[in-house]
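Notes for the one structure printed next.
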Amino acid sequence: MPVPEEVLKVVELTKKHNTWRKKCINLIASENVTSPLVDLVYLSDFMHRYAEGMPFKRFYQGTRYVDEVETYVMNLMGELYGAKYVDLRPISGTTANGAVFYALAPEGGKSCIVKLSGGGHVSHSKYGIMGALKITPHELPFDVETMNIDIDGAVKMIREVKPKFVVLGASLYLFPHPDKEIKEVCEEVGAVLVHDVAHVLGLIAGRVLPNPLERGADVLTSSTHKTFPGPQGGVIMTNSEKLYKKIKKVVFPVFVSNHHLHRLAATGITALEMKYFGEEYARQVVRNAKRLAERLYEYGFKVLGEKVGFTQTHQVAVDVTEYGGGAPVAETLEKANIILNKNMLPYDTPDKIKNPSGIRIGVQEMTRIGMKESEMDVIAEFIKKVLLDKKSPEEVKKEVVEFRKQYQKVHYTFDLKDLGLSEIVYLSE
Ligand SMILES: *Cc1c(COP(=O)(O)O)cnc(C)c1O
């Protein structure tokens, strides 16, 4: 049979995407690239299989290696983050949050969260899984100057609201949230402290950010594919046996049936990359973010967190109101192959959601392919050319594509040659 057009179409689109994003400066703060070794381990027969339940207590046959690999990776993650209980079954950060929120408030109730415009994630909000679970989130006050939770205001609110649990962590996360202070008031009112570290899991492994579990967080929830550069997935970690017993019973059967088994081994390799290269990687990520923020600031951009050193993470937030707002700015930069997203800033009202004041920039992926401070200077200059000098984005794109050619290899990983392996080749044009 001749290959139908439809088949070619799907193959073509995949090729186009793969080729295009290798020619882009990818600055979406929630993304990253997996290493060739992670890819090799990811593409396996595990992806065809089912393994409902816990390791060695499954509802299916054929899981002997799944059981072993899941247990091994749970232990690796536990070692990396100092957690006694690790659950890798949530297939995303949102699923991890759903399971934890439901376990903590099965009949609904009250919670306190970081407000959406302060970077809070939709899954913490009334529009997301929190709302669907009939849990009412109260938004903690946020301080634009420090780009962080307003501690005094938050303590006051938690005392008044007496929530079942408090969620720290956000998608715009420039500075570590004040977990110690919040923990104290949580203890006072009997609230559980959850820290959603989806964005910064890799930075915690690299020890450039404190580990919330060591500072009083009762539960960590996370994605496994942002600064932690693994396959897309979720994880829950805790040291509390009492909490974990509840959470475990919710993950399956409430939020997950099968848990996408090919993620497990690949997440394990990523954990080992973090164990051996994590500190070097995380330090470079933060240096790069600071450098990019400084350069943009010098060009006259309104970079947030000016009084507190702009950032301690992989992210930079810029108010681009004077260039038309986050939406047109992000679209124009995309024409220059610079990919980032529009973002709400703490002072944005809900009606600004379609065209918020800000853009959010993340440098973790570009760091992973070997970029350092001097490359951040080049990126800042590209952004300046498009937004300040009003150069045609199509012209700047040519320079971006040329520049990006030198950065095609993932760093901070193990050499395939040393393992006698060769790289999987993605479809490309
Ligand atoms: C990205 C993110 C999530 C959701 O993760 P998914 O894996 O996309 O479901 C949850 N919380 C925060 C703070 C995030 O930034």
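Residue numbering restarts at 1 for every chain of the structure tokens, chains are lettered A, B, ... in their displayed order, and ligands are numbered from 1 as they appear.
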Check every protein, DNA and RNA residue against ligand 1, keep those with an atom at most 8 Å away (counting only C-alpha atoms and all ligand atoms), and present them as an MDAnalysis selection string. chainID A and resid 30 91:97 119:124 169:172 196:199 221:226 232:234
Residues from last step as file, N, CA, C and O atoms, as a compact mmCIF listing (two decimals), in the first residue's frame:
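Final file, part.txt:
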```txt
# COMPACT_ATOMS: atom_id res chain seq x y z
N SER A 30 9.02 26.70 32.22
CA SER A 30 8.53 25.40 32.70
C SER A 30 9.04 24.24 31.85
O SER A 30 8.64 23.10 32.05
N ILE A 91 1.12 11.47 37.18
CA ILE A 91 1.71 11.64 35.84
C ILE A 91 2.00 13.10 35.51
O ILE A 91 2.50 13.40 34.44
N SER A 92 1.69 14.00 36.42
CA SER A 92 2.06 15.40 36.22
C SER A 92 2.02 16.12 37.56
O SER A 92 1.50 15.57 38.55
N GLY A 93 2.53 17.33 37.57
CA GLY A 93 2.50 18.13 38.79
C GLY A 93 1.07 18.40 39.24
O GLY A 93 0.76 18.37 40.44
N THR A 94 0.20 18.63 38.30
CA THR A 94 -1.21 18.89 38.64
C THR A 94 -1.84 17.66 39.28
O THR A 94 -2.58 17.77 40.26
N THR A 95 -1.53 16.49 38.76
CA THR A 95 -2.05 15.24 39.34
C THR A 95 -1.51 15.05 40.76
O THR A 95 -2.24 14.62 41.66
N ALA A 96 -0.24 15.39 40.96
CA ALA A 96 0.35 15.29 42.30
C ALA A 96 -0.39 16.22 43.25
O ALA A 96 -0.74 15.84 44.38
N ASN A 97 -0.65 17.45 42.79
CA ASN A 97 -1.38 18.40 43.63
C ASN A 97 -2.78 17.88 43.94
O ASN A 97 -3.23 17.95 45.09
N GLY A 119 1.98 34.55 40.88
CA GLY A 119 2.66 33.40 40.32
C GLY A 119 2.03 32.07 40.69
O GLY A 119 2.45 31.02 40.21
N GLY A 120 1.01 32.11 41.55
CA GLY A 120 0.35 30.87 41.96
C GLY A 120 -0.10 30.05 40.75
O GLY A 120 -0.44 30.62 39.71
N HIS A 121 -0.11 28.74 40.88
CA HIS A 121 -0.46 27.89 39.74
C HIS A 121 -1.96 27.66 39.69
O HIS A 121 -2.62 27.59 40.72
N VAL A 122 -2.47 27.51 38.50
CA VAL A 122 -3.91 27.34 38.31
C VAL A 122 -4.46 26.15 39.11
O VAL A 122 -5.58 26.19 39.61
N SER A 123 -3.63 25.10 39.30
CA SER A 123 -4.11 23.94 40.06
C SER A 123 -4.34 24.27 41.54
O SER A 123 -5.03 23.55 42.25
N HIS A 124 -3.78 25.40 42.01
CA HIS A 124 -4.01 25.82 43.40
C HIS A 124 -5.27 26.68 43.50
O HIS A 124 -5.64 27.07 44.60
N GLY A 169 4.86 27.87 46.94
CA GLY A 169 5.32 27.47 45.61
C GLY A 169 4.46 28.12 44.56
O GLY A 169 3.29 28.41 44.80
N ALA A 170 5.07 28.37 43.39
CA ALA A 170 4.37 29.10 42.34
C ALA A 170 5.06 28.88 41.00
O ALA A 170 6.14 28.29 40.94
N SER A 171 4.40 29.38 39.97
CA SER A 171 4.96 29.25 38.62
C SER A 171 5.83 30.44 38.26
O SER A 171 6.64 30.38 37.34
N LEU A 172 5.59 31.55 38.95
CA LEU A 172 6.55 32.65 38.87
C LEU A 172 7.23 32.61 40.23
O LEU A 172 6.64 32.94 41.25
N ASP A 196 4.83 23.34 46.73
CA ASP A 196 4.82 22.89 45.34
C ASP A 196 6.09 23.44 44.67
O ASP A 196 6.17 24.62 44.36
N VAL A 197 7.06 22.56 44.48
CA VAL A 197 8.37 22.99 43.96
C VAL A 197 8.54 22.66 42.48
O VAL A 197 9.66 22.51 41.99
N ALA A 198 7.41 22.59 41.75
CA ALA A 198 7.44 22.19 40.33
C ALA A 198 8.54 22.91 39.56
O ALA A 198 9.28 22.29 38.79
N HIS A 199 8.64 24.22 39.77
CA HIS A 199 9.61 24.98 38.98
C HIS A 199 11.05 24.78 39.43
O HIS A 199 11.97 24.90 38.63
N THR A 221 5.20 18.68 46.46
CA THR A 221 4.65 18.19 45.20
C THR A 221 5.47 18.81 44.09
O THR A 221 6.01 19.91 44.26
N SER A 222 5.55 18.13 42.95
CA SER A 222 6.36 18.71 41.88
C SER A 222 6.08 18.06 40.54
O SER A 222 5.55 16.96 40.45
N SER A 223 6.46 18.79 39.50
CA SER A 223 6.63 18.20 38.17
C SER A 223 8.06 17.70 38.11
O SER A 223 8.89 18.07 38.95
N THR A 224 8.37 16.91 37.10
CA THR A 224 9.74 16.37 36.99
C THR A 224 10.41 16.81 35.69
O THR A 224 11.30 16.13 35.18
N HIS A 225 9.97 17.96 35.15
CA HIS A 225 10.46 18.32 33.81
C HIS A 225 10.73 19.81 33.63
O HIS A 225 10.69 20.31 32.52
N LYS A 226 10.91 20.53 34.72
CA LYS A 226 11.16 21.97 34.58
C LYS A 226 12.64 22.22 34.85
O LYS A 226 13.46 21.88 34.00
N GLN A 232 8.34 14.39 31.25
CA GLN A 232 7.18 15.03 31.87
C GLN A 232 6.51 14.07 32.84
O GLN A 232 6.21 12.92 32.49
N GLY A 233 6.30 14.54 34.05
CA GLY A 233 5.69 13.70 35.06
C GLY A 233 5.54 14.45 36.37
O GLY A 233 5.81 15.65 36.43
N GLY A 234 5.10 13.73 37.40
CA GLY A 234 4.92 14.36 38.71
C GLY A 234 5.50 13.51 39.81
O GLY A 234 5.82 12.33 39.61
```
Using DSSP assignments from the backbone, pull out every residue in segment 33-70 of chain A that falls under strand (DSSP E) and give it to me as an MDAnalysis selection string. chainID A and resid 53:54 57:58
Report the distance between atom CA of Met237 of chain A and atom CA of Thr270 of chain A in Å, rounded to one decimal place.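 Separation between atom CA of Met237 of chain A and atom CA of Thr270 of chain A: 16.6 Å.
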Write out as number ranges by chain each polymer residue whose atoms come within 6 Å of segment 45-53 of chain A, counting only C-alpha atoms; drop sequence neighbours fewer than 6 positions from it. A: 59-60, 257-258, 261-262
Those same residues - C-alpha atoms - I'd like them written as a PDB file, in the first residue's frame.
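Full text of again.pdb as output:
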```pdb
ATOM      1  CA  PHE A  59      -3.028  -5.636  39.887  1.00  0.00           C
ATOM      2  CA  TYR A  60      -1.284  -6.905  36.724  1.00  0.00           C
ATOM      3  CA  SER A 257      -4.689   4.330  37.015  1.00  0.00           C
ATOM      4  CA  ASN A 258      -1.552   3.495  35.072  1.00  0.00           C
ATOM      5  CA  LEU A 261       5.982   3.466  33.233  1.00  0.00           C
ATOM      6  CA  HIS A 262       8.638   4.613  30.774  1.00  0.00           C
TER       7      HIS A 262
END
```
Fewer than 6 positions away in the same chain doesn't count, so skip those; otherwise give me all residues within 12 Å of segment 275-280 of chain A, counting only C-alpha atoms, as a PyMOL selection string. chain A and resi 76-81+201-209+227-229+268-269+286-287+364+367-368+370+372+411-414
Near Asp179 of chain A, within 9 Å and counting only C-alpha atoms, which residues show up once chain neighbours fewer than 5 positions away are dropped, as a list in words?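 Answer for this query is Leu168, Glu184, Leu193, His195, Pro212, Arg215, Gly216 and Ala217 of chain A.
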Option closest in space to Ala83 of chain A, from A:Tyr426, A:Tyr244, A:Phe255, A:Phe175 [counting only C-alpha atoms]: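 Smallest separation from Ala83 of chain A among the options: A:Tyr244.
Those residues in segment 209-277 of chain A carrying a DSSP assignment of alpha helix (DSSP H), computed from the backbone, are Glu241, Lys242, Leu243, Tyr244, Lys245, Lys246, Ile247, Lys248, Lys249, Val250, His262, Arg263, Leu264, Ala265, Ala266, Thr267, Gly268, Ile269, Thr270, Ala271, Leu272, Glu273, Met274, Lys275, Tyr276 and Phe277 of chain A.
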Written file, previous selection with N, CA and C atoms, as a PDB file, in the first residue's frame:
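For reference, again24.pdb as written:
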```pdb
ATOM      1  N   GLU A 241       4.827   9.518  57.766  1.00  0.00           N
ATOM      2  CA  GLU A 241       4.181   8.239  57.456  1.00  0.00           C
ATOM      3  C   GLU A 241       2.662   8.389  57.477  1.00  0.00           C
ATOM      4  N   LYS A 242       2.197   9.169  58.438  1.00  0.00           N
ATOM      5  CA  LYS A 242       0.761   9.369  58.612  1.00  0.00           C
ATOM      6  C   LYS A 242       0.152  10.021  57.358  1.00  0.00           C
ATOM      7  N   LEU A 243       0.816  11.069  56.868  1.00  0.00           N
ATOM      8  CA  LEU A 243       0.306  11.738  55.669  1.00  0.00           C
ATOM      9  C   LEU A 243       0.435  10.834  54.457  1.00  0.00           C
ATOM     10  N   TYR A 244       1.576  10.158  54.363  1.00  0.00           N
ATOM     11  CA  TYR A 244       1.777   9.350  53.162  1.00  0.00           C
ATOM     12  C   TYR A 244       0.757   8.217  53.045  1.00  0.00           C
ATOM     13  N   LYS A 245       0.368   7.667  54.179  1.00  0.00           N
ATOM     14  CA  LYS A 245      -0.651   6.604  54.138  1.00  0.00           C
ATOM     15  C   LYS A 245      -1.944   7.101  53.485  1.00  0.00           C
ATOM     16  N   LYS A 246      -2.301   8.349  53.796  1.00  0.00           N
ATOM     17  CA  LYS A 246      -3.519   8.926  53.201  1.00  0.00           C
ATOM     18  C   LYS A 246      -3.317   9.231  51.715  1.00  0.00           C
ATOM     19  N   ILE A 247      -2.161   9.825  51.417  1.00  0.00           N
ATOM     20  CA  ILE A 247      -1.893  10.269  50.042  1.00  0.00           C
ATOM     21  C   ILE A 247      -1.837   9.081  49.080  1.00  0.00           C
ATOM     22  N   LYS A 248      -1.144   8.051  49.528  1.00  0.00           N
ATOM     23  CA  LYS A 248      -0.947   6.847  48.721  1.00  0.00           C
ATOM     24  C   LYS A 248      -2.275   6.235  48.265  1.00  0.00           C
ATOM     25  N   LYS A 249      -3.250   6.260  49.164  1.00  0.00           N
ATOM     26  CA  LYS A 249      -4.555   5.675  48.837  1.00  0.00           C
ATOM     27  C   LYS A 249      -5.366   6.541  47.885  1.00  0.00           C
ATOM     28  N   VAL A 250      -4.951   7.794  47.755  1.00  0.00           N
ATOM     29  CA  VAL A 250      -5.658   8.694  46.838  1.00  0.00           C
ATOM     30  C   VAL A 250      -5.014   8.672  45.449  1.00  0.00           C
ATOM     31  N   HIS A 262       7.344   4.253  31.377  1.00  0.00           N
ATOM     32  CA  HIS A 262       8.638   4.613  30.774  1.00  0.00           C
ATOM     33  C   HIS A 262       9.238   5.856  31.424  1.00  0.00           C
ATOM     34  N   ARG A 263       8.407   6.611  32.146  1.00  0.00           N
ATOM     35  CA  ARG A 263       8.918   7.776  32.869  1.00  0.00           C
ATOM     36  C   ARG A 263       9.869   7.370  33.982  1.00  0.00           C
ATOM     37  N   LEU A 264       9.627   6.199  34.553  1.00  0.00           N
ATOM     38  CA  LEU A 264      10.293   5.864  35.809  1.00  0.00           C
ATOM     39  C   LEU A 264      11.805   5.774  35.645  1.00  0.00           C
ATOM     40  N   ALA A 265      12.235   4.913  34.714  1.00  0.00           N
ATOM     41  CA  ALA A 265      13.678   4.754  34.505  1.00  0.00           C
ATOM     42  C   ALA A 265      14.294   6.075  34.052  1.00  0.00           C
ATOM     43  N   ALA A 266      13.587   6.795  33.191  1.00  0.00           N
ATOM     44  CA  ALA A 266      14.123   8.058  32.670  1.00  0.00           C
ATOM     45  C   ALA A 266      14.247   9.093  33.791  1.00  0.00           C
ATOM     46  N   THR A 267      13.278   9.088  34.707  1.00  0.00           N
ATOM     47  CA  THR A 267      13.362   9.996  35.854  1.00  0.00           C
ATOM     48  C   THR A 267      14.541   9.601  36.748  1.00  0.00           C
ATOM     49  N   GLY A 268      14.796   8.311  36.824  1.00  0.00           N
ATOM     50  CA  GLY A 268      15.936   7.820  37.610  1.00  0.00           C
ATOM     51  C   GLY A 268      17.256   8.318  37.044  1.00  0.00           C
ATOM     52  N   ILE A 269      17.400   8.252  35.721  1.00  0.00           N
ATOM     53  CA  ILE A 269      18.632   8.773  35.106  1.00  0.00           C
ATOM     54  C   ILE A 269      18.752  10.274  35.386  1.00  0.00           C
ATOM     55  N   THR A 270      17.635  10.987  35.289  1.00  0.00           N
ATOM     56  CA  THR A 270      17.678  12.435  35.566  1.00  0.00           C
ATOM     57  C   THR A 270      18.103  12.687  37.019  1.00  0.00           C
ATOM     58  N   ALA A 271      17.588  11.874  37.939  1.00  0.00           N
ATOM     59  CA  ALA A 271      17.974  12.029  39.351  1.00  0.00           C
ATOM     60  C   ALA A 271      19.487  11.846  39.491  1.00  0.00           C
ATOM     61  N   LEU A 272      20.038  10.905  38.731  1.00  0.00           N
ATOM     62  CA  LEU A 272      21.492  10.677  38.802  1.00  0.00           C
ATOM     63  C   LEU A 272      22.259  11.827  38.150  1.00  0.00           C
ATOM     64  N   GLU A 273      21.709  12.383  37.087  1.00  0.00           N
ATOM     65  CA  GLU A 273      22.333  13.581  36.503  1.00  0.00           C
ATOM     66  C   GLU A 273      22.363  14.698  37.544  1.00  0.00           C
ATOM     67  N   MET A 274      21.276  14.816  38.300  1.00  0.00           N
ATOM     68  CA  MET A 274      21.226  15.860  39.337  1.00  0.00           C
ATOM     69  C   MET A 274      22.204  15.536  40.471  1.00  0.00           C
ATOM     70  N   LYS A 275      22.313  14.250  40.782  1.00  0.00           N
ATOM     71  CA  LYS A 275      23.226  13.864  41.856  1.00  0.00           C
ATOM     72  C   LYS A 275      24.675  14.215  41.502  1.00  0.00           C
ATOM     73  N   TYR A 276      25.056  13.935  40.252  1.00  0.00           N
ATOM     74  CA  TYR A 276      26.464  14.115  39.876  1.00  0.00           C
ATOM     75  C   TYR A 276      26.787  15.465  39.239  1.00  0.00           C
ATOM     76  N   PHE A 277      25.810  16.062  38.552  1.00  0.00           N
ATOM     77  CA  PHE A 277      26.082  17.347  37.876  1.00  0.00           C
ATOM     78  C   PHE A 277      25.175  18.474  38.359  1.00  0.00           C
TER      79      PHE A 277
END
```
Distance criterion (only C-alpha atoms): nearest to Ile361 of chain A out of A:Val100, A:Leu296, A:Met157, A:Leu37: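 Among the listed residues, A:Leu296 lies closest to Ile361 of chain A.
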Let me make sure I understand: among A:Cys112, A:Leu292, A:Leu416, A:Leu345, which one has the smallest atom-to-atom distance to Val41 of chain A if we use only C-alpha atoms?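 Using only C-alpha atoms, Val41 of chain A sits closest to A:Leu416.
For the choices A:Glu181, A:Thr238, A:Gly190, A:Asp143, the atom-to-atom distance to Met74 of chain A is smallest for A:Thr238 when using only C-alpha atoms.
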Interatomic distance, atom CA of Ala336 of chain A to atom CA of Ile353 of chain A (Å, one decimal):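 A separation of 23.8 Å between them.
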Pick out the closest residue to Leu27 of chain A from this set: A:Leu116, A:Ile236, A:Leu421, A:Ala330. Count only C-alpha atoms. A:Ala330
Between A:Pro350, A:Pro36, A:Pro393, A:Pro4, which one has atoms that come closest to Ile369 of chain A, using only C-alpha atoms?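 For Ile369 of chain A, the nearest of the candidates is A:Pro36.
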Might you pull out every residue within 10 Å of Lys290 of chain A, with only C-alpha atoms counted and same-chain residues fewer than 2 positions away left off, and present them as an MDAnalysis selection string? chainID A and resid 284:288 292:296 309:316 363 373 376
Residues at most 10 Å from Lys156 of chain A, counting only C-alpha atoms, excluding those fewer than 6 positions away in the same chain, as an MDAnalysis selection string? chainID A and resid 140:141 185
For the residues in the current selection, export N, CA and C atoms as a PDB file, in the first residue's frame.
```pdb
ATOM      1  N   LEU A 140      -2.868  34.479  49.769  1.00  0.00           N
ATOM      2  CA  LEU A 140      -1.971  35.158  50.708  1.00  0.00           C
ATOM      3  C   LEU A 140      -1.515  36.487  50.100  1.00  0.00           C
ATOM      4  N   PRO A 141      -1.371  37.516  50.929  1.00  0.00           N
ATOM      5  CA  PRO A 141      -0.879  38.788  50.396  1.00  0.00           C
ATOM      6  C   PRO A 141       0.540  38.646  49.836  1.00  0.00           C
ATOM      7  N   VAL A 185       3.321  29.301  61.860  1.00  0.00           N
ATOM      8  CA  VAL A 185       1.895  29.625  62.019  1.00  0.00           C
ATOM      9  C   VAL A 185       1.022  28.428  61.627  1.00  0.00           C
TER      10      VAL A 185
END
```
